[in-house]
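> Contents of work-v5.csv (CSV, C-alpha atoms and all ligand atoms) are below:
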chain,number,residue,atom,x,y,z
A,128,MET,CA,-20.3,4.7,-35.0
A,129,LYS,CA,-23.4,6.8,-35.1
A,130,ARG,CA,-26.5,5.9,-33.1
A,131,ILE,CA,-29.7,7.9,-33.2
A,132,ARG,CA,-32.2,7.9,-30.4
A,133,ILE,CA,-35.7,6.9,-31.3
A,134,THR,CA,-39.0,6.6,-29.3
A,135,THR,CA,-40.8,3.3,-29.8
A,136,GLU,CA,-44.6,2.9,-29.8
A,137,ASP,CA,-44.9,2.1,-26.1
A,138,GLY,CA,-43.1,5.3,-25.3
A,139,SER,CA,-39.8,3.7,-24.4
A,140,PRO,CA,-36.6,4.8,-26.1
A,141,SER,CA,-34.1,2.8,-28.2
A,142,PHE,CA,-31.3,3.5,-30.7
A,143,TYR,CA,-31.0,3.2,-34.4
A,144,SER,CA,-27.5,2.0,-35.4
A,145,GLU,CA,-26.1,3.5,-38.6
A,146,GLN,CA,-23.4,0.8,-38.5
A,147,PHE,CA,-25.9,-2.0,-38.7
A,148,ASN,CA,-28.8,-0.1,-40.3
A,149,GLU,CA,-31.0,-1.6,-37.6
A,150,ILE,CA,-32.8,-0.6,-34.4
A,151,TYR,CA,-31.9,-2.1,-31.0
A,152,HIS,CA,-35.5,-3.1,-30.2
A,153,SER,CA,-38.9,-3.6,-31.8
A,154,LYS,CA,-40.5,-0.4,-33.1
A,155,LYS,CA,-43.7,-1.6,-31.4
A,156,GLY,CA,-42.1,-1.1,-27.9
A,157,ALA,CA,-38.6,-1.5,-26.5
A,158,ILE,CA,-39.7,-2.2,-22.9
A,159,THR,CA,-42.7,-4.3,-24.1
A,160,GLU,CA,-40.4,-6.5,-26.3
A,161,SER,CA,-37.7,-6.9,-23.7
A,162,ASP,CA,-40.2,-7.8,-20.9
A,163,TYR,CA,-42.1,-10.2,-23.0
A,164,VAL,CA,-39.3,-12.1,-24.8
A,165,TYR,CA,-36.5,-12.2,-22.3
A,166,ILE,CA,-38.2,-11.8,-18.9
A,167,ASN,CA,-41.5,-13.6,-19.4
A,168,LYS,CA,-40.5,-16.3,-21.9
A,169,GLY,CA,-36.9,-16.7,-20.7
A,170,LEU,CA,-36.2,-15.9,-17.1
A,171,ALA,CA,-39.8,-16.4,-15.7
A,172,HIS,CA,-40.1,-19.7,-17.6
A,173,TRP,CA,-36.8,-21.0,-16.2
A,174,SER,CA,-37.8,-19.9,-12.7
A,175,SER,CA,-41.2,-21.6,-12.9
A,176,GLN,CA,-39.4,-24.9,-13.8
A,177,ASN,CA,-36.6,-24.5,-11.2
A,178,LYS,CA,-38.1,-23.3,-8.0
A,179,GLN,CA,-35.8,-21.8,-5.4
A,180,MET,CA,-32.8,-22.0,-7.6
A,181,SER,CA,-30.5,-19.1,-8.6
A,182,PRO,CA,-30.1,-18.7,-12.3
A,183,LYS,CA,-27.0,-17.8,-14.1
A,184,ILE,CA,-28.0,-15.6,-17.0
A,185,PHE,CA,-26.0,-14.7,-20.1
A,186,GLU,CA,-26.9,-11.8,-22.3
A,187,MET,CA,-25.5,-11.6,-25.8
A,188,GLY,CA,-25.4,-7.8,-26.4
A,189,LEU,CA,-25.9,-5.6,-23.4
A,190,GLY,CA,-26.7,-2.5,-25.5
A,191,THR,CA,-29.0,-0.2,-23.6
A,192,GLY,CA,-29.1,-2.4,-20.5
A,193,LEU,CA,-32.9,-2.8,-20.6
A,194,ASN,CA,-32.8,-6.6,-20.3
A,195,ALA,CA,-30.4,-6.4,-17.4
A,196,TYR,CA,-32.6,-3.8,-15.6
A,197,LEU,CA,-35.8,-5.8,-16.1
A,198,SER,CA,-34.0,-9.0,-14.9
A,199,TYR,CA,-33.0,-7.2,-11.7
A,200,ILE,CA,-36.6,-6.2,-11.0
A,201,PHE,CA,-37.7,-9.8,-11.5
A,202,VAL,CA,-35.0,-11.1,-9.2
A,203,VAL,CA,-35.8,-8.6,-6.5
A,204,ASP,CA,-39.6,-9.1,-6.8
A,205,HIS,CA,-39.3,-12.9,-6.7
A,206,LYS,CA,-36.8,-12.8,-3.8
A,207,ILE,CA,-34.3,-15.1,-5.7
A,208,SER,CA,-30.7,-14.5,-6.4
A,209,CYS,CA,-28.9,-14.5,-9.7
A,210,GLU,CA,-25.6,-14.1,-11.6
A,211,TYR,CA,-25.9,-12.0,-14.7
A,212,PHE,CA,-23.1,-11.9,-17.4
A,213,ALA,CA,-23.5,-9.4,-20.2
A,214,VAL,CA,-21.2,-9.2,-23.2
A,215,GLU,CA,-21.0,-6.2,-25.5
A,216,LYS,CA,-18.7,-5.5,-28.5
A,217,TYR,CA,-19.8,-2.0,-29.2
A,218,PRO,CA,-20.6,-0.3,-25.8
A,219,LEU,CA,-22.7,2.8,-25.6
A,220,SER,CA,-21.0,5.7,-24.1
A,221,PHE,CA,-22.4,7.0,-20.8
A,222,GLU,CA,-23.6,10.1,-22.7
A,223,GLU,CA,-25.5,8.0,-25.1
A,224,VAL,CA,-27.1,6.1,-22.1
A,225,LYS,CA,-28.1,9.4,-20.5
A,226,SER,CA,-29.5,10.7,-23.8
A,227,LEU,CA,-32.1,7.9,-23.7
A,228,ASP,CA,-33.8,9.4,-20.7
A,229,MET,CA,-34.7,5.9,-19.8
A,230,GLN,CA,-35.4,6.9,-16.2
A,231,ASP,CA,-38.6,8.7,-17.4
A,232,VAL,CA,-40.2,5.4,-18.6
A,233,LEU,CA,-38.7,2.6,-16.5
A,234,PRO,CA,-41.1,0.6,-14.5
A,235,ASP,CA,-40.7,0.3,-10.7
A,236,SER,CA,-39.6,3.7,-9.4
A,237,GLU,CA,-38.1,2.1,-6.3
A,238,HIS,CA,-35.3,0.5,-8.2
A,239,LYS,CA,-34.6,2.9,-11.1
A,240,HIS,CA,-31.2,3.8,-9.7
A,241,PHE,CA,-30.0,0.4,-10.8
A,242,PHE,CA,-30.3,1.4,-14.5
A,243,ASP,CA,-27.6,4.0,-14.2
A,244,GLN,CA,-25.6,1.9,-11.8
A,245,LEU,CA,-25.3,-1.0,-14.2
A,246,HIS,CA,-23.9,1.4,-16.8
A,247,MET,CA,-21.3,2.8,-14.3
A,248,VAL,CA,-19.8,-0.6,-13.7
A,249,ASP,CA,-16.3,-0.8,-15.4
A,250,TRP,CA,-16.0,-3.2,-18.3
A,251,GLY,CA,-14.6,-6.4,-16.7
A,252,GLY,CA,-16.0,-5.4,-13.4
A,253,SER,CA,-19.0,-6.5,-11.4
A,254,LEU,CA,-21.7,-5.1,-9.0
A,255,LEU,CA,-23.6,-6.9,-6.3
A,256,GLN,CA,-26.9,-5.2,-5.6
A,257,LYS,CA,-29.3,-7.1,-3.3
A,258,GLU,CA,-29.1,-10.7,-4.6
A,259,PHE,CA,-28.2,-9.7,-8.1
A,260,LEU,CA,-24.5,-10.1,-9.2
A,261,PHE,CA,-24.0,-8.3,-12.4
A,262,LYS,CA,-20.8,-8.7,-14.5
A,263,LYS,CA,-20.0,-6.8,-17.7
A,264,ILE,CA,-17.6,-8.0,-20.3
A,265,LYS,CA,-16.5,-5.9,-23.3
A,266,GLY,CA,-15.6,-8.1,-26.3
A,267,ASP,CA,-16.8,-10.2,-29.1
A,268,PHE,CA,-19.1,-13.1,-28.4
A,269,PHE,CA,-17.2,-15.2,-31.0
A,270,THR,CA,-13.8,-14.9,-29.4
A,271,LEU,CA,-14.5,-14.7,-25.7
A,272,ASP,CA,-14.2,-17.9,-23.6
A,273,PHE,CA,-16.8,-18.5,-20.9
A,274,ASP,CA,-16.2,-21.3,-18.4
A,275,ASN,CA,-19.7,-20.9,-17.0
A,276,GLN,CA,-22.6,-23.1,-17.7
A,277,PHE,CA,-25.5,-20.7,-18.0
A,278,ASP,CA,-29.2,-21.5,-17.2
A,279,VAL,CA,-30.8,-18.7,-19.3
A,280,LEU,CA,-29.3,-17.2,-22.5
A,281,TYR,CA,-30.8,-14.0,-23.9
A,282,TYR,CA,-29.8,-14.0,-27.5
A,283,ASP,CA,-30.4,-10.4,-28.4
A,284,ALA,CA,-28.2,-9.9,-31.5
A,285,PHE,CA,-29.2,-7.6,-34.4
A,286,GLY,CA,-31.5,-9.3,-37.0
A,287,TYR,CA,-30.4,-11.7,-39.7
A,288,HIS,CA,-30.1,-9.2,-42.5
A,289,ALA,CA,-27.9,-6.9,-40.3
A,290,GLN,CA,-25.7,-9.6,-38.7
A,291,PRO,CA,-26.1,-12.9,-40.5
A,292,GLU,CA,-23.1,-14.5,-38.8
A,293,MET,CA,-24.9,-14.3,-35.4
A,294,TRP,CA,-27.6,-16.7,-36.7
A,295,HIS,CA,-25.3,-19.3,-38.3
A,296,GLU,CA,-24.3,-22.6,-36.8
A,297,THR,CA,-20.9,-21.4,-35.3
A,298,ALA,CA,-22.6,-18.8,-33.1
A,299,LEU,CA,-25.6,-21.0,-32.2
A,300,GLN,CA,-23.3,-23.9,-31.4
A,301,LYS,CA,-21.4,-21.6,-29.0
A,302,CYS,CA,-24.7,-20.8,-27.3
A,303,HIS,CA,-25.3,-24.6,-26.9
A,304,ASP,CA,-21.8,-25.1,-25.5
A,305,ILE,CA,-22.2,-22.5,-22.8
A,306,LEU,CA,-25.7,-23.5,-21.6
A,307,ALA,CA,-26.3,-26.1,-18.9
A,308,PRO,CA,-28.4,-29.1,-19.7
A,309,GLY,CA,-32.0,-27.9,-19.5
A,310,GLY,CA,-30.9,-24.3,-20.0
A,311,VAL,CA,-33.1,-21.9,-21.9
A,312,TRP,CA,-32.1,-20.0,-25.0
A,313,VAL,CA,-34.6,-17.3,-25.9
A,314,SER,CA,-34.8,-14.8,-28.8
A,315,TYR,CA,-37.2,-12.5,-30.6
A,316,CYS,CA,-36.1,-14.3,-33.8
A,317,ALA,CA,-38.4,-16.9,-35.5
A,318,LYS,CA,-36.5,-17.6,-38.7
A,319,GLY,CA,-36.9,-21.1,-40.0
A,320,SER,CA,-33.2,-21.6,-40.8
A,321,VAL,CA,-32.3,-20.6,-37.2
A,322,ARG,CA,-34.9,-23.0,-35.8
A,323,ARG,CA,-33.5,-25.9,-37.9
A,324,ILE,CA,-29.9,-25.2,-36.8
A,325,LEU,CA,-30.9,-25.1,-33.1
A,326,GLU,CA,-32.8,-28.4,-33.5
A,327,LYS,CA,-29.8,-30.0,-35.3
A,328,ILE,CA,-27.3,-29.0,-32.6
A,329,GLY,CA,-29.3,-30.4,-29.7
A,330,PHE,CA,-32.1,-28.1,-28.6
A,331,TRP,CA,-35.7,-28.9,-28.1
A,332,LEU,CA,-37.6,-26.0,-29.8
A,333,GLU,CA,-40.7,-24.1,-29.0
A,334,ARG,CA,-42.4,-21.6,-31.4
A,335,LEU,CA,-44.2,-19.1,-29.1
A,336,GLU,CA,-46.4,-16.3,-29.9
A,337,GLY,CA,-44.3,-13.2,-30.5
A,338,PRO,CA,-44.4,-9.8,-28.8
A,339,PRO,CA,-46.6,-7.1,-30.4
A,340,GLY,CA,-45.8,-6.9,-34.2
A,341,LYS,CA,-44.2,-10.4,-34.4
A,342,ARG,CA,-46.2,-13.5,-35.0
A,343,GLU,CA,-43.7,-15.9,-33.5
A,344,MET,CA,-40.5,-16.0,-31.4
A,345,LEU,CA,-38.3,-18.9,-30.4
A,346,ARG,CA,-37.4,-20.6,-27.2
A,347,ALA,CA,-34.9,-23.5,-27.2
A,348,ILE,CA,-34.2,-25.8,-24.3
A,349,LYS,CA,-30.8,-27.6,-24.3
A,350,LYS,CA,-31.5,-31.4,-24.2
A,351,VAL,CA,-30.4,-33.1,-21.0
B,401,LIG,C1,-30.4,-5.8,-31.0
B,401,LIG,S1,-29.1,-5.0,-30.0
B,401,LIG,C2,-29.7,-5.4,-28.4
B,401,LIG,C3,-29.1,-4.7,-27.3
B,401,LIG,C4,-29.6,-4.9,-25.9
B,401,LIG,N1,-29.9,-6.2,-25.5
B,401,LIG,C5,-30.7,-3.9,-25.5
B,401,LIG,O1,-31.7,-4.3,-25.0
B,401,LIG,O2,-30.4,-2.7,-25.7
B,401,LIG,C6,-27.7,-6.0,-30.3
B,401,LIG,C7,-26.5,-5.8,-29.4
B,401,LIG,O3,-25.5,-6.8,-29.7
B,401,LIG,C8,-24.2,-6.1,-29.7
B,401,LIG,N2,-23.3,-7.0,-30.5
B,401,LIG,C9,-23.3,-7.1,-31.9
B,401,LIG,N3,-22.4,-8.0,-32.2
B,401,LIG,C10,-21.8,-8.5,-31.1
B,401,LIG,C11,-20.7,-9.4,-30.8
B,401,LIG,N4,-20.1,-10.1,-31.8
B,401,LIG,N5,-20.4,-9.6,-29.6
B,401,LIG,C12,-21.0,-8.9,-28.5
B,401,LIG,N6,-22.0,-8.0,-28.7
B,401,LIG,C13,-22.4,-7.8,-30.0
B,401,LIG,C14,-24.5,-4.8,-30.4
B,401,LIG,O4,-23.6,-3.8,-30.2
B,401,LIG,C15,-25.9,-4.4,-29.7
B,401,LIG,O5,-25.7,-3.8,-28.5
The structure in this file should be written as structure tokens.
Ligand SMILES: C[S@@+](CC[C@H](N)C(=O)[O-])C[C@H]1O[C@@H](n2cnc3c(N)ncnc32)[C@H](O)[C@@H]1O


Amino acid sequence: MKRIRITTEDGSPSFYSEQFNEIYHSKKGAITESDYVYINKGLAHWSSQNKQMSPKIFEMGLGTGLNAYLSYIFVVDHKISCEYFAVEKYPLSFEEVKSLDMQDVLPDSEHKHFFDQLHMVDWGGSLLQKEFLFKKIKGDFFTLDFDNQFDVLYYDAFGYHAQPEMWHETALQKCHDILAPGGVWVSYCAKGSVRRILEKIGFWLERLEGPPGKREMLRAIKKV
């Protein structure tokens, strides 16, 4: 399973996956996309609506760990607590993680150590750092059972042409099932068919301005 390191336009690294013929982040900027789509439009949005509460966050596809790292910074900066569950079917090796040299570009030098730490956690294990409880699960999103009700769901699958099954009703229904009422599903995707399925299965949809290079993105709130 070959992955090739690339540098995106904001200077942050990502991978190109030969298996999926797809890159892990937007070419316009890995950190820029992650911060805008998942932190600002997902976690920060939920937090603004749920003052003083501790979100349970689910990430579909841990990959490079960028979303988890940026979530940690948000949680520490905002003095909240959180539980973070990340699932990954095709984990990066630690050598691949190191080859990214992510440390050179990560924001917030005080907390950079957390990026390596999250990758050192055993699959199936967890790490509590400050008020951030991080759990890592190796497996397939389709077959894993989750008994949690999550508040924020980062849906960071590869794009429709690379992984169409991730954007069909079965997968999106599973997202709905594992979210708490009022929970936020967020993704860089803006595809019309995805939006229509999300509406049909019980989400209230928002079409938001996308990150650089994308006109739109989607945020979906599970109806109460
Ligand atoms: C677009 S990449 C995003 C990765 C990550 N969020 C990041 O910021 O680096 C999609 C990720 O989903 C993972 N993935 C693909 N299919 C999956 C599945 N069925 N279950 C769990 N993870 C999956 C891939 O291995 C990859 O790491």

> Hey, which residues come within 6 Å of ligand LIG 401 (chain B) if we count all atoms listed in the file? Could you give them as a PyMOL selection string?

chain A and resi 151-152+187-194+214-217+266-269+283-285

> Restrict the calculation to all atoms listed in the file, then for each residue of segment 152-261 of chain A with any atom at most 9 Å from an atom of segment 293-313 of chain A give the closest atom pair and their distance in Å to one decimal, rows by chain and rising residue number, as a Markdown table.


| residue | atom | partner | partner_atom | distance |
| --- | --- | --- | --- | --- |
| A:Val164 | CA | A:Val313 | CA | 7.1 |
| A:Tyr165 | CA | A:Val313 | CA | 6.5 |
| A:Lys168 | CA | A:Val313 | CA | 7.2 |
| A:Gly169 | CA | A:Val313 | CA | 5.7 |
| A:Leu170 | CA | A:Val311 | CA | 8.3 |
| A:His172 | CA | A:Val311 | CA | 8.5 |
| A:Trp173 | CA | A:Val311 | CA | 6.9 |
| A:Phe185 | CA | A:Leu306 | CA | 8.9 |

> With a distance cut-off of 7 Å and only C-alpha atoms, select the neighbouring residues of segment 243-254 of chain A, excluding the residue or stretch itself and same-chain residues fewer than 5 positions from it, and output the selection as a list in words.

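My reading of the contact set: Leu260, Phe261, Lys262, Lys263, Ile264 and Lys265 of chain A.
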
> What is the atom CA of Pro182 of chain A-atom CA of Pro339 of chain A distance in Å, reported with one decimal?

27.1 Å

> My list of candidates is A:Ser236, A:Glu258, A:Gln146, A:Met344. Which is closest to Val321 of chain A when distances are computed with only C-alpha atoms?

A:Met344

> Restricting the calculation to all atoms listed in the file: of A:Asp204, A:Glu336, A:Glu326, A:Glu223, which residue gets closest to Ile348 of chain A?

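Between A:Asp204, A:Glu336, A:Glu326, A:Glu223, the residue approaching Ile348 of chain A most closely is A:Glu326.
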
> As a tab-separated table (two decimals) with C-alpha atoms, in the coordinates of the input, please: the residues near His288 of chain A (cut-off 10 Å, all atoms listed in the file, same-chain neighbours under 4 positions excluded).


chain	number	residue	atom	x	y	z
A	147	PHE	CA	-25.90	-2.00	-38.70
A	148	ASN	CA	-28.80	-0.10	-40.30
A	149	GLU	CA	-31.00	-1.60	-37.60
A	292	GLU	CA	-23.10	-14.50	-38.80
A	294	TRP	CA	-27.60	-16.70	-36.70

> Could you check how far atom CA of Asp235 of chain A sits from atom CA of Phe277 of chain A, in Å to one decimal?

26.9 Å

> Give the answer as one residue: which of A:Val279, A:Leu197, A:Leu345, A:Val203 has the shortest atom-to-atom distance to Thr159 of chain A, using all atoms listed in the file?

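When distances to Thr159 of chain A are compared using all atoms listed in the file, the smallest one comes from A:Leu197.
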
> Counting all atoms listed in the file, figure out which residue out of A:Ser144, A:Lys257, A:Ala347, A:Pro338 gets nearest to Ile324 of chain A.

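Of all the options, A:Ala347 lies closest to Ile324 of chain A.
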
> To one decimal place in Å, what is the distance between atom CA of Tyr211 of chain A and atom CA of Ile184 of chain A?

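Distance between the two atoms: 4.8 Å.
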
> Closest to Arg132 of chain A among A:Gln290, A:Gln256, A:Leu219, A:Tyr315, using all atoms listed in the file?

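Between A:Gln290, A:Gln256, A:Leu219, A:Tyr315, the residue approaching Arg132 of chain A most closely is A:Leu219.
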
> Of the candidates A:Tyr281, A:Phe259, A:Trp331, A:Phe142, which one gets nearest to Met229 of chain A if we count all atoms listed in the file?

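Looking at the shortest contact to Met229 of chain A, the residue is A:Phe142.
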
> Starting from the sparse input, extend segment 195-206 of chain A to all heavy atoms and give the output as a short mmCIF file (atom, residue, chain, number, x, y, z; two decimals), in the frame of the given file.


data_model
loop_
_atom_site.label_atom_id
_atom_site.label_comp_id
_atom_site.auth_asym_id
_atom_site.auth_seq_id
_atom_site.Cartn_x
_atom_site.Cartn_y
_atom_site.Cartn_z
N ALA A 195 -31.06 -6.27 -18.68
CA ALA A 195 -30.40 -6.40 -17.40
C ALA A 195 -31.26 -5.76 -16.29
O ALA A 195 -31.49 -6.32 -15.21
CB ALA A 195 -29.01 -5.85 -17.39
N TYR A 196 -31.75 -4.55 -16.57
CA TYR A 196 -32.60 -3.80 -15.60
C TYR A 196 -33.84 -4.62 -15.26
O TYR A 196 -34.20 -4.82 -14.09
CB TYR A 196 -32.92 -2.43 -16.10
CG TYR A 196 -33.85 -1.71 -15.16
CD1 TYR A 196 -33.37 -1.13 -13.99
CD2 TYR A 196 -35.22 -1.66 -15.40
CE1 TYR A 196 -34.23 -0.51 -13.09
CE2 TYR A 196 -36.08 -1.04 -14.51
CZ TYR A 196 -35.58 -0.47 -13.36
OH TYR A 196 -36.44 0.14 -12.47
N LEU A 197 -34.54 -5.09 -16.30
CA LEU A 197 -35.80 -5.80 -16.10
C LEU A 197 -35.55 -7.13 -15.35
O LEU A 197 -36.38 -7.59 -14.56
CB LEU A 197 -36.54 -6.00 -17.39
CG LEU A 197 -37.01 -4.70 -18.08
CD1 LEU A 197 -37.63 -5.01 -19.44
CD2 LEU A 197 -38.03 -3.93 -17.22
N SER A 198 -34.40 -7.74 -15.60
CA SER A 198 -34.00 -9.00 -14.90
C SER A 198 -33.84 -8.68 -13.41
O SER A 198 -34.23 -9.47 -12.54
CB SER A 198 -32.77 -9.59 -15.47
OG SER A 198 -32.95 -9.89 -16.83
N TYR A 199 -33.19 -7.56 -13.13
CA TYR A 199 -33.00 -7.20 -11.70
C TYR A 199 -34.31 -7.01 -11.01
O TYR A 199 -34.48 -7.51 -9.89
CB TYR A 199 -32.18 -5.83 -11.72
CG TYR A 199 -32.02 -5.23 -10.35
CD1 TYR A 199 -31.11 -5.76 -9.44
CD2 TYR A 199 -32.77 -4.12 -9.97
CE1 TYR A 199 -30.97 -5.20 -8.18
CE2 TYR A 199 -32.63 -3.56 -8.71
CZ TYR A 199 -31.73 -4.10 -7.82
OH TYR A 199 -31.59 -3.55 -6.58
N ILE A 200 -35.26 -6.34 -11.64
CA ILE A 200 -36.60 -6.20 -11.00
C ILE A 200 -37.23 -7.53 -10.75
O ILE A 200 -37.79 -7.76 -9.68
CB ILE A 200 -37.53 -5.34 -11.97
CG1 ILE A 200 -36.93 -3.98 -12.27
CG2 ILE A 200 -38.93 -5.22 -11.38
CD1 ILE A 200 -36.80 -3.07 -11.09
N PHE A 201 -37.10 -8.43 -11.72
CA PHE A 201 -37.70 -9.80 -11.50
C PHE A 201 -37.06 -10.48 -10.35
O PHE A 201 -37.76 -11.06 -9.51
CB PHE A 201 -37.49 -10.59 -12.83
CG PHE A 201 -38.11 -11.97 -12.76
CD1 PHE A 201 -39.39 -12.20 -13.24
CD2 PHE A 201 -37.41 -13.04 -12.20
CE1 PHE A 201 -39.98 -13.46 -13.15
CE2 PHE A 201 -38.00 -14.31 -12.10
CZ PHE A 201 -39.28 -14.51 -12.58
N VAL A 202 -35.75 -10.41 -10.27
CA VAL A 202 -35.00 -11.10 -9.20
C VAL A 202 -35.38 -10.53 -7.84
O VAL A 202 -35.64 -11.28 -6.88
CB VAL A 202 -33.49 -11.01 -9.48
CG1 VAL A 202 -32.67 -11.33 -8.26
CG2 VAL A 202 -33.13 -11.93 -10.65
N VAL A 203 -35.46 -9.22 -7.74
CA VAL A 203 -35.80 -8.60 -6.50
C VAL A 203 -37.26 -8.94 -6.10
O VAL A 203 -37.54 -9.36 -4.98
CB VAL A 203 -35.60 -7.05 -6.55
CG1 VAL A 203 -36.12 -6.36 -5.29
CG2 VAL A 203 -34.14 -6.72 -6.77
N ASP A 204 -38.17 -8.79 -7.07
CA ASP A 204 -39.60 -9.10 -6.80
C ASP A 204 -39.83 -10.52 -6.39
O ASP A 204 -40.71 -10.80 -5.59
CB ASP A 204 -40.44 -8.78 -8.04
CG ASP A 204 -40.65 -7.30 -8.26
OD1 ASP A 204 -40.23 -6.50 -7.39
OD2 ASP A 204 -41.23 -6.92 -9.30
N HIS A 205 -39.07 -11.43 -6.98
CA HIS A 205 -39.30 -12.90 -6.70
C HIS A 205 -38.40 -13.39 -5.58
O HIS A 205 -38.38 -14.60 -5.32
CB HIS A 205 -39.15 -13.69 -7.98
CG HIS A 205 -40.27 -13.45 -8.94
ND1 HIS A 205 -40.30 -12.36 -9.78
CD2 HIS A 205 -41.42 -14.12 -9.15
CE1 HIS A 205 -41.42 -12.37 -10.48
NE2 HIS A 205 -42.11 -13.43 -10.12
N LYS A 206 -37.63 -12.47 -4.99
CA LYS A 206 -36.80 -12.80 -3.80
C LYS A 206 -35.92 -14.05 -4.14
O LYS A 206 -35.81 -15.00 -3.36
CB LYS A 206 -37.64 -13.10 -2.58
CG LYS A 206 -38.42 -11.87 -2.14
CD LYS A 206 -39.17 -12.14 -0.85
CE LYS A 206 -39.82 -10.92 -0.26
NZ LYS A 206 -40.52 -10.03 -1.15
#
